[in-house]
Amino acid sequence: KNQVEQSPQSLIILEGKNCTLQCNYTVSPFSNLRWYKQDTGRGPVSLTIMTFSENTKSNGRYTATLDADTKQSSLHITASQLSDSASYICVVSAGGFQKLVFGTGTRLLVSP
Amino acid sequence: DAGVTQSPTHLIKTRGQQVTLRCSPKSGHDTVSWYQQALGQGPQFIFQYYEEEERQRGNFPDRFSGHQFPNYSSELNVNALLLGDSALYLCASSLTAVETQYFGPGTRLLVL
């Protein structure tokens, strides 16, 4: 069964600190992995997308890594800001026609 | 260049009623996907439309139906509403099925 599991479920950090979110998947065949940021009550916004051959991708203070062998990905947030408070969702594309499998997300709260 | 738009933003219905949600894709996008996101959960794939046809479908009953128009906009219809249909309904568009999906802000449906 295609699944995407994220950890931790929720996280509280102080403003300015770094944090790392984890994503493990059992999706086959694998096409690509995306990280989305979703503010409460809003639609998800794409942060990064990585294919099988890519093992790291950055977008400003966000850096995603991918280990296709262990089927793990991480999202590292550097120098966190209050606006980083949101849910971060890992999404894996299972083959053609963009069949997406969503994780349940990590809820991040950045505290002043 | 407008992004993905959805209407209405909020909606309240009673059990047994029918509802129609609307989505306009990002300019130049031809593929529209619909998702249901329950509170605290990740989005669940409902179906995807391309060239006015349903290309693939998730595990949702026939009460959920859709349509895509020649201008690529789309509608999601839900009949015989249940309390459990209360959720944020997200529309995502992409240029073909293999490109990054861009999400709209969602329609929050409450069924009483």
# chains A, B, ... in the order shown; residues from 1 in each chain; ligands from 1
call {"tool": "residues_around", "arguments": {"residues": "A:Ser46", "least_positions_apart": "3", "cutoff": "9 Å", "atoms": "only C-alpha atoms", "output": "ChimeraX atom specification"}}
result
/A:34-38,49 /B:100-103
call {"tool": "interface_residues", "arguments": {"of": "chain A", "to": "chain B", "cutoff": "9 Å", "atoms": "only C-alpha atoms", "output": "MDAnalysis selection string"}}
result
chainID A and resid 34 41:46 49 89 96:105
call {"tool": "select_by_dssp", "arguments": {"residues": "chain B", "states": "strand (DSSP E)", "output": "number ranges by chain"}}
result
B: 5-7, 10-13, 19-24, 31-37, 44-50, 53-57, 64-68, 74-78, 87-94, 102-103, 107-111
call {"tool": "residues_around", "arguments": {"residues": "stretch 54-58 of chain A", "least_positions_apart": "2", "cutoff": "12 Å", "atoms": "only C-alpha atoms", "output": "ChimeraX atom specification"}}
result
/A:31-35,47-52,60-78
call {"tool": "closest_residue", "arguments": {"among": "B:His29, B:Gln18, B:Lys13, B:Tyr49", "to": "B:Phe64", "atoms": "only C-alpha atoms"}}
result
B:Gln18
call {"tool": "closest_residue", "arguments": {"among": "B:Ser24, B:Ser86, B:Leu11, B:Ser93", "to": "B:Ser74", "atoms": "only C-alpha atoms"}}
result
B:Ser24
call {"tool": "atom_distance", "arguments": {"atom1": "atom CA of A:Gln9", "atom2": "atom CA of A:Ser83"}}
result
18.8 Å
call {"tool": "atom_distance", "arguments": {"atom1": "atom CA of A:Cys90", "atom2": "atom CA of A:Ile13"}}
result
19.8 Å
call {"tool": "closest_residue", "arguments": {"among": "B:Asp62, B:Asp85, B:Glu75, B:Glu51", "to": "B:Cys23", "atoms": "only C-alpha atoms"}}
result
B:Glu75
call {"tool": "atom_distance", "arguments": {"atom1": "atom CA of B:Val111", "atom2": "atom CA of B:Gln68"}}
result
24.8 Å
